[in-house]
Structures are given as structure tokens and as C-alpha cells.
4 protein chains.
Amino acid sequence: MKAASAAQAKQAARYGRPEGGWRARMYDIIFNSDTKAGKRFDIVLIAAILLSILVVVLESVPAIGGRHAGVMRVLEWSFTLLFTLEYLARLLCVRRPLRYATSFFGIVDLLSVLPTYFSLLVPGSQALLDIRILRLLRVFRIFKLTLYIEEYTRLGEALSASRRKIMVFLSVVLMLVLVLGTLMYVVEGPEHGYTSIPTAMYWAIVTMTTVGYGDITPHTHLGKGIASFMMLLGWGILAVPTGIVTAEMTARRTDRRHGPARTERACGECGATGHEARARFCKDCGAALPASFARE
Amino acid sequence: MKAASAAQAKQAARYGRPEGGWRARMYDIIFNSDTKAGKRFDIVLIAAILLSILVVVLESVPAIGGRHAGVMRVLEWSFTLLFTLEYLARLLCVRRPLRYATSFFGIVDLLSVLPTYFSLLVPGSQALLDIRILRLLRVFRIFKLTLYIEEYTRLGEALSASRRKIMVFLSVVLMLVLVLGTLMYVVEGPEHGYTSIPTAMYWAIVTMTTVGYGDITPHTHLGKGIASFMMLLGWGILAVPTGIVTAEMTARRTDRRHGPARTERACGECGATGHEARARFCKDCGAALPASFARE
Amino acid sequence: MKAASAAQAKQAARYGRPEGGWRARMYDIIFNSDTKAGKRFDIVLIAAILLSILVVVLESVPAIGGRHAGVMRVLEWSFTLLFTLEYLARLLCVRRPLRYATSFFGIVDLLSVLPTYFSLLVPGSQALLDIRILRLLRVFRIFKLTLYIEEYTRLGEALSASRRKIMVFLSVVLMLVLVLGTLMYVVEGPEHGYTSIPTAMYWAIVTMTTVGYGDITPHTHLGKGIASFMMLLGWGILAVPTGIVTAEMTARRTDRRHGPARTERACGECGATGHEARARFCKDCGAALPASFARE
Amino acid sequence: MKAASAAQAKQAARYGRPEGGWRARMYDIIFNSDTKAGKRFDIVLIAAILLSILVVVLESVPAIGGRHAGVMRVLEWSFTLLFTLEYLARLLCVRRPLRYATSFFGIVDLLSVLPTYFSLLVPGSQALLDIRILRLLRVFRIFKLTLYIEEYTRLGEALSASRRKIMVFLSVVLMLVLVLGTLMYVVEGPEHGYTSIPTAMYWAIVTMTTVGYGDITPHTHLGKGIASFMMLLGWGILAVPTGIVTAEMTARRTDRRHGPARTERACGECGATGHEARARFCKDCGAALPASFARE
């Protein structure tokens, strides 16, 4: 059955869709969305992903995680088993299972279920850190959602196309953060919170991105002056281009309304107007235009 | 009488304007703005809405609400009675009163007046929460103002047209908030303020939207590093597109300065180049140009 | 002598340039900039304005204002006398002095010098508040600078042209601030810092403009949720349009590169290509085009 | 050997590339990147710069700088000697060494190595401030990286082209900061943190750039009102133009969907309208169109 979207066609090429039989039917349900069963599978899976993440999130709230620990554990195991079955089914019904297992989504699938199994192997180790790390990995399931919406792929492509510009822009920002952060470290010093250059760089990022927590603030007059410069820089990088763009657009709207620089001269032969200021012959009939030149 | 704007024409269709008599006259005054009486009604109503909201707002200030409690109560009851009469009048003069009562503005009208009556039925219950909730409902009257200005409708339509893009964009931001928030919860932990994943997600939103309250801040070095990445992300989402757009516009302005799309075609007679793509005769010597169209 | 710029021509019309004699010469020096003396006057005046403001600013710093009080007082009186002479000169050399005295810049001039005289009339009243208010009025001299640069006038005109759009936009933001602020007042209440609706509205502005002082922060879970929504709203109002605009520009750049929807069909008669997909006759020679339609 | 990029050609012109011999070969390796040796030199130098900066940054962290002081000192001297050799080599292989020594990069090179030598001349002066200043100067080496990427030069040129607009914009912002800052100093006063006009201006910049540290916040009602106005101003300068630009683009997209500029001209033969402005024959029946050009 034809894959319904570009992303799914790419998948079929990469992992290998089986010829026929029950494997092909399973492939169509799991990987494609153009059959009724395929669509239903997708909806159930999306719902399961969202619910399982909700469980992970709520479990972290002490009030809820404590009181309903049992229910949470049952739900988490149900989802883990469900996703394990889904993972195994995916491996089963493609022709190149290793390809899938090493792809981004294959790794996400594996990392999503491993943690819960891991907590079995290390019995009683309810160390808070372990649990916290395990929760993080389970939250990665959210990325499986992006397969289902085409706009994400287009967004990714647009970003990829501009990546050189983005790198250059980011590197300029990081250079400023390095130099201005070190400057503030020198000016303010550890006694005012700027305990090291990395800390000062963290403060510089907090300031130039206009976040401004306030956990570290300048105390000397020179420091406040440099900080003011940095704030105007960070905010100005947003404000100046939008201002220039708006000026361009308003100018252009005026031009469109009144037309580009053209003269009122009419061609003696065919009567056509709308010639460029510098044109010497009528571009419609070839006759010579009177020699009055209007400037743009 | 013809409705003066599209919004009011829609209203007439939906609620049913009466044929004639005093009901039709009342309809024209209340729902339409093209008669002198209709305009005056609108102005009085807008003034009443703004004043009544001012009363609600000032009443909440302890210094004012306490000292002038009596005056406030009288004013509030006057407005409530006024709006009740207006509500009843609206129901009376349409042909399908139920349609109006269940519309957005009908519900706003009802919710705006009910609270004050409710405080009668529950005598002495000056529970602070009740009063606070009642104030909230009364403040919804402000939405009735939007009927009077057409730009609001257009703004709403523009937003509605782009809603799929907005949904996709928002969902990407929420995914980042979920994953990066959980990461910070793992890295920093409850001992530094990140008490649960929802709390960490709240912090992630505070950070990525560059609000930066400072009620929760990272303390570990790794945490500060991840936070720096998130801040550059949230700010960069604003800065990078504006930068790209400005680059595009400046490039385009250069194009416009140097002229519209020109072809490389040389005139057979005089050898001049730089003709407009669409020109048919050489603008320097008048000879006919070969009929090949170059694309921009 | 002809006024060198539009702003100065408007001035001449409004205040009345004298016919001749020493008054006309004084007018040209003071109000116009096209003579050598006129230019020199402008530069001296700009320098005086900037220096006098520096004196006001430095005087407010306790360390400086205390130690050099005498010097500051002398400087301030020098500037005051200078500006008084300038003000009187302006009144003297125009034909309609009352027009100037009641204009924006005339009032700025008067307010700039009055305070220092006022401090004479009220001897010994070194009340901190008086001094602080007086400083504020003297700082208004900075606005006189705007006469000298044409871009300011253009900026003002651009803003004036868009003022209806700005009003509508601002009113929507204020409505959101009112309703969401009241909602937070209800949800969080005075015990968490939201002491009244105006205070909650102040917090709402601090949050939606992404400033985020942190002097008031939500404490309840529901409050943090509503705050998160408001932060995404305030930041999104900046992020969503820039994203849409960038998408448009990238799409348009692709179109410009490949041309609008045209077919490859060549006209049988004259061989011209580049016809619209839907065209049925060649727009250059009139012959009929083969009937294959390509869609956009 | 031809310089591979515009920046390097400018360098050759300014500093003087030697005719031949070992000096010319050294010049090509150091200043140009089109030979294999030249490219390798660049890569090694970039790596050395980045590593040396890493050493400076890590050295400032007490935990690391303390424990590995010895290693850090060795690394720092290695880099200093390396950069000294590079600096001397550059001076040796150009024809106008004084030109290089006084250029921006020449000064950066010198400032980058001087500090470490200076710490020898002033033995035992481990005054924290000295060390901090020395670190700052060494961090300037990062600017040498910009020679290697062309986009930086283009970015610099774009900024330079718009510098008048940027100056005007910045000066308007600074005027607002001055006046509104002084206003808040008057309204709130030193007892609420606004200790002087410069401090109030610092707070005004923190607020209008939406950074919002929270180290100084308004306490009076009037102060909070003025602050709200300033926040809406600072945020609005970003929000209003993006909104206007998006409105323009959406309007234009509608235009493009409905076709390019069309005239109202009706075809004499078949009466069809909707012809392109420049069409000469009716695209529906082939008859010639009257030669009147309509403007968009």
C-alpha cells in the first residue's frame, strides 16, 4: 500500500517494507497511516504516549507520587509493556531490523522502556537520582509524536537550510558573552557574585537574552554601566532589525501605491506611457522617446 | 434599518430582528449604530462598562474599598441594575431570545450581573474568596467592547487563519519545555527548588520566554550550562528570524536599487545589454530584441 | 535666507520671521542652520544642553552632589542664565512671540529655567522632593535636540500614521492584562502578594512584557499554570509573527528563484514561452495556445 | 600567490607582501589560506587560540585554578611563547611591520601576550585585580578568529551601512531612559532604591529592555504605573513592528493568490476583463487589447 506522506515513504525505503503476508499487513498498520487500522493504531499510540508521559510527570510531584505510588507503578508497568510490545512488533515487521534499532526513533523507543526494566535489576535502589534520571528517559517518548505531523519535518528542513547563518550568529553572541563576561568578572569580582569567568559568562547570557533572574547583579557603577550596554545590545539585536524591516515595508507600500520611478512621457508613435525614466526608445513599438530624463 | 457593519449584520441574522413597532425601534437602538439614538446608546453603554469595571478594580484596593465601601456598594448596584435592564431589553427585542441568551455575549451579560444578586442570596457571606470570584466575573463586561471596533474582528480572523501554524509552533515549544524541564529536574533536584517535573516545567517556561522571575534559579554548574542553552534558545527564536528577514530585505533593496530583473541578452544592432526581461525593443537604439525570455 | 529643512520652514511660517534688520539676522542665527553663524549657534547650544543635563544628573549622585555642591550650583546658574538669554532672544526675534511661548519647545524652554529661579523664591527649602522635581524639569531640555535631526520627524510621522493600529493592539493587551490580572488576584490572593486588582494588573504587565522582576510571583499550582499561559502569550506575540514572516520570506525566495506558476508551453506562432498556466492566447502575438493547463 | 578572499587581499595591500624568498613563503603560510601549509597553519592557530582561552577561563574557577595552578601556569606560558613567536613571525614577514603592529589585530596580538610577561616584571604581585585584568586581555585573542570566516565581514558591513539608523534609534531610547528614569527618581526617591539619577537610568534600562533583574523595583502606586508604561513601551517596540509587518505580509499573500496586477480593461471583442497590465492581446479570444497601461 502506498505510503501516505513523504516521511513515511522515506521510512519504507530505509527500513524495508516486507513483500506480503502478515508481516506486510503489520507493517502497514504500524508504519503507515492510510488504512483504517493504520489510523486507529496511530491514534491509540499517540494517546498512550501522552498518557504515559502524564504519569511520569505526576509521579514526580511528591503529593501525588507519594499517595498513589501503587497506582502509578501499575500504570507505568502497563505502558512499559505496551511500548515493549510495540518496539518488538516494529523490529519484527521490517526487513532490516538493525537499521530501525539504530535510528533516532529506534533508540528513543529503547530508552523509553529500558529504565523501568533497569529498576527491576537493581532492586531496592530507590535512590532519588536514579528515579529522576529514569523519568527523564521516559519523557523522550514525546519525540515519537513528530512523525505524525508533516509541519515538523518542514520546520526541521527550514532550520537545516539556515544552519550556517545560525552558527555564525550564535558564535558572535558567544564571543560577546565571553569578552563582556570576563570584563564584568574583572570589574565586579567574586565579592559581588562574579566568582569565576564561567559564572560571569552565565550572568552575561542571563543579561543579554533579557532573562534577568537577578541572582547575580552588578554593584559597582562601572559594572552597572557595562551591564546597561549589554542589555541594550541584547534587546537591540531584536529591536533594530524589526524597526528597519518595518521602515522598509512602509517605504515599499508607498512605492507600490505610486509606482516605481517612471516618467509621464508618452510615446509619440503608439501613445504608450509607463516608460522607465532612462529609456530612450519605447519598449512596445520601438519609436524614439523625447529626451527628457526624470531622475528616480 | 440596514446594519452599519458586517458584525451587526451577522447579529441581525442570528438573533432575528423584529418586523416593526416598538420592538424594531428598540432593536435598532440597542443592536445597531447607524441612528443617532443608536450611537448615543452605544456611547452611554461603553461609558457604563468602563466605569463599572473601574468600580470593581478600585473596590479591590483595601485602602479604597474599605473607606468608601458604602459608595462602592451603591455604584455597583446601580450598574448591576442598569446592565440587568439592558440584558432584559436585549432579550425582549429579538425574535429568538434563547439564541442571544446562549451566545458568547449573552452569557457575558448574564455572568456580569449574577454575582451581585448572588451576594444577596448568601447574606453575610463576605468570604474573601467569594468576593474575589465575583469581581472576576464582573470584569468580563470588558469583552462587550469588542463588538464596537471592527479591527478586533479582523484581528480574530487573522489569528484564526494561522491557527494550525500557531498550534505546531506552540507544541514544539511545549515539547522542549517538557524535556528540558525534566532534564533540569534531574540535574538540579528538589534541594535547589526544582521540586517536581511540573515545577521544573514552570521554571523552563519562565526561562525560555525570557521572563526570568528568579524565584527558582539553577545552582549547579551543569544546571547553569543547560539553563544558558535554554535562554539562548528562547531568545534566539526571536533573534534569528528577525536577523534572517533583515538580511533578505537588505539584499532585496540592493536589487531594487540596481533595477528590475534584467536579462543577459545583447541587442543585435548596438550590442547593449541590461534590457528588462520583458522589453521587446532595445531601449538604446530601437532595434527589435530577440524574443527569448530570461527568468529572474 | 531660505530655511534649510522642512522643520525649519514650518517654524518660520508658524512664528513669523521678521522682515529685516538685526531681528532678522538674529532669527537666522537662532532658528536656521544654513549660515555659518547659524551652524555655530546650533553646535554651541547642543553642547550647552548636553552639559547642563550632565550637571543635573551628576548633582543627583550623593557622593558628587555633596562634595562639589558649590561648583554644581555655579554651573547650574550659568546654564540657567544662558538658557534664559536664549529664551528671551527667541521671543525677541520672532513676530509672534506668544505663538512661540505656547508651543511645545517654548514651554520646554520655560520649564527648563523656571525651577532654578523658583529655588531662589523659596529660600532654604532644600526639601528633597522639591529638588528632585526641579531636576526632572531641567532634564526636559533634551527634547530640544530633536529639532536638529530630520530622522526624528520622520520617525514621529511613521508612528503617527500607524496610530490606529497601535491603539487597537494596545487595547487588546490591556484587556488581557485586566482579565488575567483579576483572575490571578482571585486564584492567588493577597496572602501571596496579589493585594488588589491594580497590583495584580501590574504583575500581569511585568509578566506579559517578559520583564519578570520577581517582586511578586505565583505560589499556587493553578497560579503558576495561568502565569505560564500568560508568559507564553507575551513571548508568543513576539515569536509567532517573526516565525510566520520568516516562513513567508523563505517561500517567496523559492518562488522568485523558480518563477511563478507558468507552463513550458511555447507559442506555435512566435515561439514565446512564459505564458500563465491559464492563458489561452499568446500575449505577445495573439495566436492560440495549445490547450494544456498546468495547475499552480 | 593569490589571496583566497577579499579580507586577505586587503591585508596584502595594507601590510605589504614581500617579493619572494623565505619571507614570501612565510607570508603565504601565515596570512593566506590557499596553500596546504597555509590551511594547516590556520587550523593549528585556531585550535591554539581556543585552547588558550579555555585555560584562561578555567583558571578563574577557584576549584580548578587552585588545584592545578602549576599545570595552568605551564600551559599559559606555552601559549604565550607560541603567540609571541607567531607575532614576531608576522612582523618579520611583512614589508610594513609598523602598519601591522598598529592595526586592530596587531594590537590584539600584543595585548594577548604582554600580560603574562608583565606578571614576571612584577614578581609576587598576585593581587587579585591584576590577575583579573590580565585574564581579560588574554581573552581578546578570540577576535583573531573573525578573520577566518567571511560572514563576519559581511555582518560588519551590513551593520556599518545601517549605522545612522541605529544611532538615531539608540538616541531616542536613551532620551526616554533619561527622562523616564529621572521621573521615577522623583516619584520613588532614594528610600525605595532610586538613589540617584544614574541609578534610576540603570533601572530604566533594566526595565525597558525587559531584563528585569528585580534588584530595584517600584514601590509607590504612581511608580508602578509609570513602570508599567515603560514596560509596555520597551516590549511594544518589539511587538508592534512585528505585528504590522505580519499584517503587511498576509495582505500581500492574498494579493499573490489572486494574481498579479490586473487592469480593468475589457477586451473589445469578447468583453473579458482581468487581463494582466502588460498583456497586449486578450488571452481569451486573441483580439488586440487597447494600448492603455493601468498602474497597480
# chains A, B, ... in the order shown; residues from 1 in each chain; ligands from 1
call {"tool": "interface_residues", "arguments": {"of": "chain B", "to": "chain D", "cutoff": "8 Å", "atoms": "only C-alpha atoms", "output": "PyMOL selection string"}}
result
chain B and resi 210-213
call {"tool": "residues_around", "arguments": {"residues": "segment 90-93 of chain D", "least_positions_apart": "5", "cutoff": "9 Å", "atoms": "only C-alpha atoms", "output": "list in words"}}
result
Arg17, Pro18, Trp22, Arg23, Ala24, Arg25, Met26, Tyr27, Ile30, Phe31, Leu85, Leu98, Tyr100 and Ala101 of chain D
call {"tool": "write_last_selection", "arguments": {"atoms": "N, CA and C atoms", "output": "compact mmCIF listing (two decimals), in the first residue's frame"}}
result
# COMPACT_ATOMS: atom_id res chain seq x y z
N ARG D 17 53.05 42.50 0.97
CA ARG D 17 53.55 41.14 0.85
C ARG D 17 54.93 41.18 0.22
N PRO D 18 55.86 40.46 0.80
CA PRO D 18 57.23 40.51 0.26
C PRO D 18 57.29 39.92 -1.15
N TRP D 22 62.20 33.30 1.41
CA TRP D 22 61.59 32.65 2.56
C TRP D 22 60.56 33.56 3.22
N ARG D 23 60.75 34.86 3.10
CA ARG D 23 59.77 35.77 3.69
C ARG D 23 58.43 35.66 3.00
N ALA D 24 58.47 35.57 1.65
CA ALA D 24 57.21 35.45 0.92
C ALA D 24 56.53 34.14 1.25
N ARG D 25 57.34 33.07 1.37
CA ARG D 25 56.75 31.78 1.72
C ARG D 25 56.13 31.84 3.11
N MET D 26 56.82 32.51 4.04
CA MET D 26 56.27 32.62 5.40
C MET D 26 54.98 33.44 5.36
N TYR D 27 54.98 34.51 4.55
CA TYR D 27 53.76 35.34 4.46
C TYR D 27 52.58 34.50 3.99
N ILE D 30 51.34 32.24 6.78
CA ILE D 30 50.71 32.91 7.93
C ILE D 30 49.45 33.67 7.53
N PHE D 31 49.55 34.48 6.46
CA PHE D 31 48.44 35.39 6.17
C PHE D 31 47.42 34.83 5.18
N LEU D 85 55.94 34.00 19.34
CA LEU D 85 56.61 33.59 18.12
C LEU D 85 55.79 33.95 16.89
N LEU D 98 55.35 48.11 10.92
CA LEU D 98 54.71 49.09 11.81
C LEU D 98 53.22 49.17 11.53
N TYR D 100 51.34 46.74 10.62
CA TYR D 100 50.67 45.62 11.28
C TYR D 100 50.58 45.83 12.78
N ALA D 101 51.68 46.33 13.35
CA ALA D 101 51.71 46.49 14.81
C ALA D 101 50.66 47.46 15.30
call {"tool": "atom_distance", "arguments": {"atom1": "atom CA of Val206 of chain A", "atom2": "atom CA of Val240 of chain B"}}
result
17.6 Å
call {"tool": "residues_around", "arguments": {"residues": "Ile226 of chain B", "least_positions_apart": "4", "cutoff": "12 Å", "atoms": "only C-alpha atoms", "output": "list in words"}}
result
Tyr202 and Ile205 of chain A; Val179, Leu180, Gly181, Thr182, Leu183, Met184, Tyr185, Val186, Val187, Glu188, Ala204, Thr207, Met208, Thr217, Pro218, His219, Thr220, His221, Leu222, Met230, Met231, Leu232 and Leu233 of chain B
call {"tool": "residues_around", "arguments": {"residues": "segment 38-43 of chain C", "least_positions_apart": "2", "cutoff": "10 Å", "atoms": "only C-alpha atoms", "output": "list in words"}}
result
Arg25, Met26, Tyr27, Asp28, Ile29, Ile30, Phe31, Asn32, Ser33, Asp34, Thr35, Lys36, Leu45, Ile46, Ala47, Ala48, Ile49, Leu145 and Tyr148 of chain C
call {"tool": "select_by_dssp", "arguments": {"residues": "segment 49-245 of chain D", "states": "helix (DSSP H, G or I)", "output": "ChimeraX atom specification"}}
result
/D:49-59,62-67,69-93,97-102,104-121,128-148,150-161,163-188,190-192,197-208,221-245
call {"tool": "closest_residue", "arguments": {"among": "B:Ile237, B:Val113, B:Met175, B:Val108", "to": "Ser52 of chain B", "atoms": "only C-alpha atoms"}}
result
B:Val113
call {"tool": "atom_distance", "arguments": {"atom1": "atom CA of Ile166 of chain D", "atom2": "atom CA of Trp235 of chain A"}}
result
12.9 Å
